[in-house]
$ cat upload-v2.txt   # compact mmCIF, C-alpha atoms and all ligand atoms
# COMPACT_ATOMS: atom_id res chain seq x y z
CA MET A 1 17.24 10.10 3.42
CA PHE A 2 14.07 8.17 4.34
CA SER A 3 14.82 8.62 8.05
CA GLY A 4 14.73 12.38 7.55
CA ILE A 5 11.29 12.42 5.94
CA ALA A 6 9.61 9.52 7.79
CA ARG A 7 7.28 11.66 9.93
CA ARG A 8 5.99 13.66 6.96
CA TYR A 9 6.14 10.82 4.43
CA ASP A 10 2.45 9.81 4.50
CA LEU A 11 1.17 13.38 4.47
CA LEU A 12 3.33 14.23 1.47
CA ASN A 13 2.44 11.04 -0.39
CA HIS A 14 -1.26 11.82 -0.17
CA LEU A 15 -0.82 15.56 -0.79
CA LEU A 16 1.56 15.33 -3.75
CA SER A 17 -0.46 12.59 -5.45
CA ALA A 18 -3.89 14.06 -4.59
CA ASN A 19 -4.56 10.75 -2.81
CA ILE A 20 -4.02 8.73 -5.98
CA ASP A 21 -1.35 6.67 -4.16
CA ARG A 22 -4.15 5.17 -2.05
CA ARG A 23 -6.03 4.14 -5.18
CA TRP A 24 -2.89 2.50 -6.60
CA ARG A 25 -2.37 0.42 -3.45
CA ASN A 26 -6.06 -0.59 -3.55
CA ILE A 27 -5.58 -1.78 -7.14
CA VAL A 28 -2.71 -4.00 -5.95
CA ALA A 29 -4.98 -5.44 -3.24
CA ASP A 30 -7.81 -6.00 -5.76
CA LYS A 31 -5.48 -7.89 -8.09
CA LEU A 32 -4.14 -10.06 -5.27
CA ARG A 33 -7.47 -10.58 -3.47
CA PRO A 34 -8.08 -14.07 -4.93
CA ILE A 35 -4.73 -15.30 -3.62
CA ILE A 36 -4.29 -13.48 -0.30
CA VAL A 37 -6.54 -16.01 1.38
CA ALA A 38 -6.43 -17.58 4.83
CA GLY A 39 -3.34 -19.66 5.48
CA THR A 40 -1.12 -17.76 3.05
CA ARG A 41 1.94 -15.71 3.92
CA THR A 42 2.65 -12.35 2.31
CA LEU A 43 5.83 -10.29 2.53
CA ASP A 44 5.78 -6.56 1.71
CA VAL A 45 9.40 -5.54 1.05
CA ALA A 46 10.54 -1.90 1.52
CA CYS A 47 7.22 -1.43 3.28
CA GLY A 48 8.08 2.04 4.59
CA THR A 49 5.27 3.33 6.79
CA GLY A 50 3.27 0.17 6.11
CA ASP A 51 0.50 1.43 3.82
CA LEU A 52 0.55 -1.49 1.38
CA ALA A 53 1.06 -4.06 4.16
CA LEU A 54 -2.02 -2.65 5.93
CA THR A 55 -4.06 -2.50 2.73
CA LEU A 56 -3.27 -6.16 1.98
CA SER A 57 -3.90 -7.26 5.53
CA GLU A 58 -7.31 -5.55 5.51
CA ALA A 59 -8.20 -6.84 2.02
CA GLY A 60 -7.58 -10.52 2.67
CA GLN A 61 -7.04 -13.17 5.32
CA THR A 62 -3.34 -13.54 4.57
CA SER A 63 -0.78 -12.97 7.32
CA VAL A 64 1.43 -10.09 6.26
CA ILE A 65 4.99 -9.24 7.29
CA GLY A 66 6.52 -5.87 6.39
CA SER A 67 10.26 -5.33 6.02
CA ASP A 68 12.32 -2.18 5.47
CA PHE A 69 15.82 -1.06 6.34
CA CYS A 70 14.79 2.33 7.70
CA ARG A 71 13.85 2.20 11.38
CA PRO A 72 12.02 5.59 11.55
CA MET A 73 9.75 4.51 8.67
CA LEU A 74 9.04 1.25 10.51
CA GLU A 75 8.28 3.15 13.71
CA VAL A 76 5.51 5.04 11.87
CA ALA A 77 4.28 1.71 10.45
CA VAL A 78 4.10 0.18 13.93
CA GLN A 79 2.15 3.17 15.30
CA LYS A 80 -0.32 3.16 12.41
CA THR A 81 -0.84 -0.58 12.67
CA ALA A 82 -1.62 -0.29 16.38
CA GLN A 83 -4.09 2.55 15.71
CA ARG A 84 -5.90 0.40 13.16
CA GLN A 85 -5.93 -2.52 15.59
CA SER A 86 -4.08 -4.63 13.13
CA SER A 87 -1.16 -6.89 13.93
CA ILE A 88 1.60 -6.92 11.35
CA PRO A 89 5.17 -7.78 12.32
CA PHE A 90 7.62 -5.25 10.89
CA ILE A 91 11.21 -6.36 10.46
CA GLU A 92 14.27 -4.22 9.86
CA ALA A 93 15.98 -5.73 6.85
CA ASP A 94 17.85 -4.90 3.67
CA ALA A 95 15.79 -5.83 0.60
CA LEU A 96 18.94 -7.15 -1.07
CA HIS A 97 19.63 -9.59 1.80
CA LEU A 98 16.28 -10.59 3.23
CA PRO A 99 16.49 -12.54 6.50
CA PHE A 100 13.92 -15.08 5.34
CA ALA A 101 14.22 -18.66 4.23
CA THR A 102 14.11 -19.49 0.55
CA GLU A 103 10.58 -20.15 -0.82
CA MET A 104 8.92 -18.99 2.39
CA PHE A 105 6.14 -16.73 1.05
CA ASP A 106 3.05 -17.23 -1.12
CA VAL A 107 2.97 -13.58 -2.16
CA VAL A 108 5.72 -10.96 -2.23
CA THR A 109 5.05 -7.28 -2.89
CA ILE A 110 7.15 -4.14 -3.18
CA ALA A 111 5.70 -0.65 -3.67
CA PHE A 112 7.86 2.30 -4.66
CA GLY A 113 10.85 0.44 -3.25
CA LEU A 114 12.54 -1.32 -6.15
CA ARG A 115 13.86 1.83 -7.79
CA ASN A 116 15.74 2.73 -4.60
CA LEU A 117 17.80 -0.44 -4.46
CA ALA A 118 21.47 -0.41 -5.43
CA SER A 119 20.65 -3.22 -7.86
CA VAL A 120 17.19 -3.61 -9.38
CA GLU A 121 18.11 -7.04 -10.71
CA GLY A 122 19.54 -8.06 -7.32
CA GLY A 123 16.30 -6.93 -5.68
CA LEU A 124 14.23 -8.98 -8.13
CA GLN A 125 16.43 -12.03 -7.48
CA GLU A 126 15.85 -11.68 -3.74
CA LEU A 127 12.05 -11.36 -4.22
CA PHE A 128 12.22 -14.49 -6.38
CA ARG A 129 14.27 -16.38 -3.79
CA VAL A 130 11.83 -15.91 -0.90
CA LEU A 131 8.76 -16.70 -3.05
CA ARG A 132 7.53 -20.30 -3.15
CA PRO A 133 7.14 -22.00 -6.55
CA GLY A 134 3.68 -21.02 -7.80
CA GLY A 135 3.70 -17.88 -5.63
CA SER A 136 3.00 -14.38 -6.95
CA VAL A 137 4.96 -11.16 -7.00
CA ALA A 138 3.48 -7.66 -7.35
CA ILE A 139 5.65 -4.65 -8.05
CA LEU A 140 4.11 -1.19 -7.83
CA GLU A 141 6.49 1.51 -8.98
CA PHE A 142 6.63 4.88 -10.66
CA SER A 143 7.05 4.42 -14.37
CA HIS A 144 7.04 6.31 -17.62
CA PRO A 145 3.84 8.15 -18.68
CA VAL A 146 2.72 6.89 -22.06
CA VAL A 147 0.63 9.78 -23.46
CA PRO A 148 2.95 12.46 -24.98
CA GLY A 149 1.11 15.70 -23.95
CA PHE A 150 0.29 14.34 -20.52
CA ARG A 151 3.91 13.16 -20.14
CA ALA A 152 5.24 16.71 -20.65
CA LEU A 153 2.75 18.16 -18.18
CA PHE A 154 3.47 15.49 -15.61
CA ASN A 155 7.24 15.87 -16.02
CA PHE A 156 6.92 19.59 -15.34
CA TYR A 157 4.97 18.88 -12.15
CA PHE A 158 7.30 16.05 -11.11
CA THR A 159 10.60 17.86 -11.67
CA ARG A 160 9.67 21.50 -10.95
CA VAL A 161 6.64 21.68 -8.66
CA LEU A 162 6.83 18.53 -6.53
CA PRO A 163 10.41 19.07 -5.21
CA ARG A 164 9.45 22.55 -3.99
CA ILE A 165 6.32 21.43 -2.13
CA GLY A 166 8.02 18.26 -0.86
CA GLY A 167 11.08 20.23 0.24
CA PHE A 168 8.97 22.87 1.98
CA VAL A 169 6.78 20.44 3.90
CA SER A 170 9.44 17.83 4.75
CA GLY A 171 12.41 20.16 5.16
CA SER A 172 14.37 17.93 2.78
CA ARG A 173 14.36 19.27 -0.77
CA GLY A 174 17.01 16.70 -1.70
CA ALA A 175 14.66 13.81 -1.01
CA TYR A 176 12.06 15.23 -3.38
CA GLU A 177 14.64 16.01 -6.06
CA TYR A 178 15.89 12.44 -5.71
CA LEU A 179 12.36 11.16 -6.48
CA PRO A 180 12.13 12.28 -10.15
CA ASP A 181 15.85 11.51 -10.62
CA SER A 182 15.44 7.94 -9.42
CA VAL A 183 12.33 7.43 -11.57
CA SER A 184 14.13 8.70 -14.68
CA ARG A 185 16.90 6.13 -14.07
CA PHE A 186 14.45 3.28 -13.44
CA PRO A 187 13.61 0.86 -16.29
CA ASP A 188 10.41 1.63 -18.18
CA GLN A 189 7.41 -0.73 -18.07
CA LYS A 190 8.59 -3.07 -20.83
CA THR A 191 12.22 -3.19 -19.68
CA LEU A 192 11.19 -4.02 -16.11
CA ALA A 193 8.94 -6.82 -17.40
CA GLU A 194 11.90 -8.19 -19.41
CA LEU A 195 14.13 -8.01 -16.33
CA MET A 196 11.54 -9.98 -14.34
CA VAL A 197 11.54 -12.69 -16.99
CA LYS A 198 15.36 -12.71 -16.99
CA VAL A 199 15.38 -13.32 -13.24
CA GLY A 200 13.02 -16.29 -13.69
CA PHE A 201 9.48 -15.01 -13.19
CA LYS A 202 6.82 -16.27 -15.59
CA GLU A 203 3.36 -14.99 -16.52
CA VAL A 204 4.79 -11.47 -16.32
CA ALA A 205 2.29 -8.74 -17.18
CA TYR A 206 1.89 -5.10 -16.35
CA GLN A 207 -0.83 -2.52 -16.12
CA ASN A 208 -0.26 1.22 -16.47
CA LEU A 209 -1.80 3.30 -13.71
CA THR A 210 -2.87 6.91 -14.24
CA GLY A 211 -1.47 7.06 -17.77
CA GLY A 212 1.75 5.26 -16.82
CA ILE A 213 2.78 7.57 -13.95
CA ALA A 214 2.97 4.28 -12.11
CA ALA A 215 2.77 0.67 -13.25
CA LEU A 216 1.82 -2.55 -11.55
CA HIS A 217 3.90 -5.55 -12.65
CA LEU A 218 2.68 -9.01 -11.73
CA GLY A 219 4.47 -12.32 -12.11
CA ALA A 220 4.76 -15.79 -10.67
CA ARG A 221 7.60 -18.09 -9.66
CA PRO A 222 7.31 -21.18 -11.85
CA TYR A 223 6.89 -24.64 -10.38
CA ARG A 224 9.91 -26.89 -10.67
CA ASN A 225 9.69 -29.55 -13.40
C1 LIG B 1 9.31 5.47 -1.39
S1 LIG B 1 9.34 4.50 0.06
C2 LIG B 1 8.01 3.36 -0.22
C3 LIG B 1 7.41 2.89 1.06
C4 LIG B 1 6.12 2.08 0.92
N1 LIG B 1 6.34 0.81 0.28
C5 LIG B 1 5.03 2.84 0.25
O1 LIG B 1 4.38 2.29 -0.64
O2 LIG B 1 4.78 3.99 0.62
C6 LIG B 1 10.75 3.52 -0.25
C7 LIG B 1 11.14 2.66 0.92
O3 LIG B 1 12.18 1.78 0.50
C8 LIG B 1 13.03 1.58 1.60
N2 LIG B 1 14.29 1.06 1.10
C9 LIG B 1 15.13 1.64 0.21
N3 LIG B 1 16.19 0.85 0.00
C10 LIG B 1 16.02 -0.25 0.77
C11 LIG B 1 16.78 -1.43 0.99
N4 LIG B 1 17.95 -1.64 0.37
N5 LIG B 1 16.29 -2.34 1.83
C12 LIG B 1 15.11 -2.15 2.47
N6 LIG B 1 14.36 -1.06 2.32
C13 LIG B 1 14.80 -0.12 1.47
C14 LIG B 1 13.12 2.94 2.26
O4 LIG B 1 13.57 2.87 3.58
C15 LIG B 1 11.67 3.42 2.14
O5 LIG B 1 10.93 3.12 3.28
$ encode --input "upload-v2.txt" --output "C-alpha cells"
Amino acid sequence: MFSGIARRYDLLNHLLSANIDRRWRNIVADKLRPIIVAGTRTLDVACGTGDLALTLSEAGQTSVIGSDFCRPMLEVAVQKTAQRQSSIPFIEADALHLPFATEMFDVVTIAFGLRNLASVEGGLQELFRVLRPGGSVAILEFSHPVVPGFRALFNFYFTRVLPRIGGFVSGSRGAYEYLPDSVSRFPDQKTLAELMVKVGFKEVAYQNLTGGIAALHLGARPYRN
C-alpha cells in the first residue's frame, strides 16, 4: 500500500493536514533537542520518506538512521536527503524485527508508524530492545480528538473528505480509507501510555497535538538496578 502512494505521500501529507504535520514533527524535535546532542545515535523507525529523520538531523548534532520496510518510500527519503545535503543512512527493515543490536541507540522515534504494525505491543518491545538504558523514545501518532464538537467535525473530515482527496491525488482511495480505519483501531492516548509502561518504559507522558488529532508519547528505558 505504501509503495503505491510513495511518490505522492509528502504532497498529500502537507495538503491534507494543511501543513500541520510539519509542525508536529518540529514539536518532536523541540522536545528531543536537549538529548539529540553530538555523539548520540538516533533511530527513526518506519521513517517513510524521511521527514522526521531529516527534522531531527537538522535540529541536533545526533547521527540519525532511518529504517522502513517499504523501498519506494526509502527511495524518496534518499532523494530528499541528498537535495538537503544531509547524510542519513536509510535501511530497509521490518519494525518488528529490527536488524540492530540490543541497546544500540540513545533515542528511538516512530512517527505515524506504530499503528500500521501487525502488533503494537510487539513494535513497542522492539523499540525498547534497541534503546540503551536511560535512552528516550518518542512516538508521534494519530490519536483520539478530545473536544466533543471538534471531534465530530474532524471525524467527518477524516472519514468522508480526506479519503476522496487522498484517493483522487494518489490514485489509491483504499490507502486513504485505511488511514481513518487504522486510527480508529489504534489505542487512545491513555491506553497507549499504559501499553508503554507494560512493555517496560518509565517516565511515560503524552501531549495532545491539535486537540488530540495526534499525540506525542515520550518515555525512557530505565537503567538496570
Ligand atoms: C504513515 S507512514 C509514516 C512515515 C513517516 N514516519 C512520516 O512521519 O511521514 C507509515 C510508514 O510505516 C511503514 N511501515 C509500516 N509497517 C512497517 C513495518 N512492519 N516495518 C517497517 N516499516 C513499516 C510504511 O512503509 C510507511 O513508510
$ residues_near_ligand --input "upload-v2.txt" --ligand "ligand LIG 1 (chain B)" --cutoff "7 Å" --atoms "all atoms listed in the file" --output "number ranges by chain"
A: 2, 45-52, 67-70, 73, 93-96, 110-113, 116-118
$ atom_distance --input "upload-v2.txt" --atom1 "CA of Pro89 in chain A" --atom2 "CA of Ala6 in chain A"
18.4 Å
$ atom_distance --input "upload-v2.txt" --atom1 "CA of Ile165 in chain A" --atom2 "CA of Leu11 in chain A"
11.6 Å
$ residues_around --input "upload-v2.txt" --residues "Leu43 in chain A" --least-positions-apart "6" --cutoff "6 Å" --atoms "all atoms listed in the file" --output "VMD selection string"
chain A and resid 64 to 66 108
$ closest_residue --input "upload-v2.txt" --among "A:Val28, A:Pro180, A:Glu203, A:Ala82" --to "Phe156 in chain A" --atoms "only C-alpha atoms"
A:Pro180
$ atom_distance --input "upload-v2.txt" --atom1 "CA of Lys202 in chain A" --atom2 "CA of Gly123 in chain A"
16.6 Å
$ closest_residue --input "upload-v2.txt" --among "A:Gly134, A:Gly149, A:Pro187, A:Gly211" --to "Asn225 in chain A" --atoms "only C-alpha atoms"
A:Gly134
$ residues_around --input "upload-v2.txt" --residues "Ser143 in chain A" --least-positions-apart "6" --cutoff "9 Å" --atoms "all atoms listed in the file" --output "list of chain:residue names"
A:Val183, A:Ser184, A:Phe186, A:Pro187, A:Asp188, A:Gln189, A:Asn208, A:Leu209, A:Gly212, A:Ile213, A:Ala214, A:Ala215
$ closest_residue --input "upload-v2.txt" --among "A:Met1, A:Leu12, A:Ile139, A:Ile35" --to "Arg164 in chain A" --atoms "only C-alpha atoms"
A:Leu12
$ closest_residue --input "upload-v2.txt" --among "A:Gly200, A:Ser119, A:Leu179, A:Glu58" --to "Arg84 in chain A" --atoms "only C-alpha atoms"
A:Glu58
$ residues_around --input "upload-v2.txt" --residues "Tyr176 in chain A" --least-positions-apart "5" --cutoff "10 Å" --atoms "all atoms listed in the file" --output "list in words"
Met1, Ile5, Phe158, Thr159, Val161, Leu162, Pro163, Arg164, Ile165, Gly166, Gly167, Phe168, Ser170, Gly171 and Asp181 of chain A
$ build_atoms --input "upload-v2.txt" --residues "range 111-139 of chain A" --atoms "N, CA and C atoms" --output "PDB file, keeping the file's coordinate frame"
ATOM      1  N   ALA A 111       6.343  -1.853  -3.107  1.00  0.00           N
ATOM      2  CA  ALA A 111       5.700  -0.650  -3.670  1.00  0.00           C
ATOM      3  C   ALA A 111       6.640   0.537  -3.528  1.00  0.00           C
ATOM      4  N   PHE A 112       7.005   1.115  -4.632  1.00  0.00           N
ATOM      5  CA  PHE A 112       7.860   2.300  -4.660  1.00  0.00           C
ATOM      6  C   PHE A 112       9.176   2.057  -3.923  1.00  0.00           C
ATOM      7  N   GLY A 113       9.612   0.799  -3.946  1.00  0.00           N
ATOM      8  CA  GLY A 113      10.850   0.440  -3.250  1.00  0.00           C
ATOM      9  C   GLY A 113      11.936   0.004  -4.217  1.00  0.00           C
ATOM     10  N   LEU A 114      11.544  -0.678  -5.274  1.00  0.00           N
ATOM     11  CA  LEU A 114      12.540  -1.320  -6.150  1.00  0.00           C
ATOM     12  C   LEU A 114      13.519  -0.318  -6.749  1.00  0.00           C
ATOM     13  N   ARG A 115      12.993   0.850  -7.126  1.00  0.00           N
ATOM     14  CA  ARG A 115      13.860   1.830  -7.790  1.00  0.00           C
ATOM     15  C   ARG A 115      14.936   2.375  -6.862  1.00  0.00           C
ATOM     16  N   ASN A 116      14.760   2.208  -5.556  1.00  0.00           N
ATOM     17  CA  ASN A 116      15.740   2.730  -4.600  1.00  0.00           C
ATOM     18  C   ASN A 116      16.901   1.780  -4.344  1.00  0.00           C
ATOM     19  N   LEU A 117      16.778   0.549  -4.800  1.00  0.00           N
ATOM     20  CA  LEU A 117      17.800  -0.440  -4.460  1.00  0.00           C
ATOM     21  C   LEU A 117      19.057  -0.228  -5.313  1.00  0.00           C
ATOM     22  N   ALA A 118      20.199  -0.575  -4.714  1.00  0.00           N
ATOM     23  CA  ALA A 118      21.470  -0.410  -5.430  1.00  0.00           C
ATOM     24  C   ALA A 118      21.473  -1.263  -6.704  1.00  0.00           C
ATOM     25  N   SER A 119      20.760  -2.384  -6.668  1.00  0.00           N
ATOM     26  CA  SER A 119      20.650  -3.220  -7.860  1.00  0.00           C
ATOM     27  C   SER A 119      19.202  -3.668  -8.039  1.00  0.00           C
ATOM     28  N   VAL A 120      18.584  -3.218  -9.118  1.00  0.00           N
ATOM     29  CA  VAL A 120      17.190  -3.610  -9.380  1.00  0.00           C
ATOM     30  C   VAL A 120      17.138  -5.116  -9.634  1.00  0.00           C
ATOM     31  N   GLU A 121      18.104  -5.607 -10.398  1.00  0.00           N
ATOM     32  CA  GLU A 121      18.110  -7.040 -10.710  1.00  0.00           C
ATOM     33  C   GLU A 121      18.362  -7.856  -9.436  1.00  0.00           C
ATOM     34  N   GLY A 122      19.277  -7.379  -8.593  1.00  0.00           N
ATOM     35  CA  GLY A 122      19.540  -8.060  -7.320  1.00  0.00           C
ATOM     36  C   GLY A 122      18.298  -8.084  -6.443  1.00  0.00           C
ATOM     37  N   GLY A 123      17.542  -6.994  -6.450  1.00  0.00           N
ATOM     38  CA  GLY A 123      16.300  -6.930  -5.680  1.00  0.00           C
ATOM     39  C   GLY A 123      15.284  -7.940  -6.202  1.00  0.00           C
ATOM     40  N   LEU A 124      15.168  -8.021  -7.535  1.00  0.00           N
ATOM     41  CA  LEU A 124      14.230  -8.980  -8.130  1.00  0.00           C
ATOM     42  C   LEU A 124      14.633 -10.413  -7.786  1.00  0.00           C
ATOM     43  N   GLN A 125      15.945 -10.667  -7.797  1.00  0.00           N
ATOM     44  CA  GLN A 125      16.430 -12.030  -7.480  1.00  0.00           C
ATOM     45  C   GLN A 125      16.063 -12.405  -6.038  1.00  0.00           C
ATOM     46  N   GLU A 126      16.143 -11.418  -5.139  1.00  0.00           N
ATOM     47  CA  GLU A 126      15.850 -11.680  -3.740  1.00  0.00           C
ATOM     48  C   GLU A 126      14.336 -11.901  -3.541  1.00  0.00           C
ATOM     49  N   LEU A 127      13.507 -11.141  -4.273  1.00  0.00           N
ATOM     50  CA  LEU A 127      12.050 -11.360  -4.220  1.00  0.00           C
ATOM     51  C   LEU A 127      11.742 -12.778  -4.719  1.00  0.00           C
ATOM     52  N   PHE A 128      12.420 -13.158  -5.788  1.00  0.00           N
ATOM     53  CA  PHE A 128      12.220 -14.490  -6.380  1.00  0.00           C
ATOM     54  C   PHE A 128      12.630 -15.578  -5.391  1.00  0.00           C
ATOM     55  N   ARG A 129      13.744 -15.354  -4.719  1.00  0.00           N
ATOM     56  CA  ARG A 129      14.270 -16.380  -3.790  1.00  0.00           C
ATOM     57  C   ARG A 129      13.278 -16.694  -2.669  1.00  0.00           C
ATOM     58  N   VAL A 130      12.673 -15.658  -2.083  1.00  0.00           N
ATOM     59  CA  VAL A 130      11.830 -15.910  -0.900  1.00  0.00           C
ATOM     60  C   VAL A 130      10.411 -16.361  -1.285  1.00  0.00           C
ATOM     61  N   LEU A 131      10.097 -16.317  -2.573  1.00  0.00           N
ATOM     62  CA  LEU A 131       8.760 -16.700  -3.050  1.00  0.00           C
ATOM     63  C   LEU A 131       8.721 -18.214  -3.304  1.00  0.00           C
ATOM     64  N   ARG A 132       7.626 -18.857  -2.894  1.00  0.00           N
ATOM     65  CA  ARG A 132       7.530 -20.300  -3.150  1.00  0.00           C
ATOM     66  C   ARG A 132       7.193 -20.538  -4.630  1.00  0.00           C
ATOM     67  N   PRO A 133       7.560 -21.694  -5.182  1.00  0.00           N
ATOM     68  CA  PRO A 133       7.140 -22.000  -6.550  1.00  0.00           C
ATOM     69  C   PRO A 133       5.613 -21.908  -6.641  1.00  0.00           C
ATOM     70  N   GLY A 134       5.118 -21.234  -7.648  1.00  0.00           N
ATOM     71  CA  GLY A 134       3.680 -21.020  -7.800  1.00  0.00           C
ATOM     72  C   GLY A 134       3.204 -19.745  -7.128  1.00  0.00           C
ATOM     73  N   GLY A 135       4.066 -19.119  -6.325  1.00  0.00           N
ATOM     74  CA  GLY A 135       3.700 -17.880  -5.630  1.00  0.00           C
ATOM     75  C   GLY A 135       3.741 -16.669  -6.562  1.00  0.00           C
ATOM     76  N   SER A 136       3.157 -15.568  -6.091  1.00  0.00           N
ATOM     77  CA  SER A 136       3.000 -14.380  -6.950  1.00  0.00           C
ATOM     78  C   SER A 136       3.776 -13.181  -6.416  1.00  0.00           C
ATOM     79  N   VAL A 137       4.291 -12.409  -7.352  1.00  0.00           N
ATOM     80  CA  VAL A 137       4.960 -11.160  -7.000  1.00  0.00           C
ATOM     81  C   VAL A 137       4.164  -9.990  -7.581  1.00  0.00           C
ATOM     82  N   ALA A 138       4.114  -8.893  -6.840  1.00  0.00           N
ATOM     83  CA  ALA A 138       3.480  -7.660  -7.350  1.00  0.00           C
ATOM     84  C   ALA A 138       4.422  -6.499  -7.092  1.00  0.00           C
ATOM     85  N   ILE A 139       4.731  -5.787  -8.145  1.00  0.00           N
ATOM     86  CA  ILE A 139       5.650  -4.650  -8.050  1.00  0.00           C
ATOM     87  C   ILE A 139       4.917  -3.385  -8.475  1.00  0.00           C
TER      88      ILE A 139
END
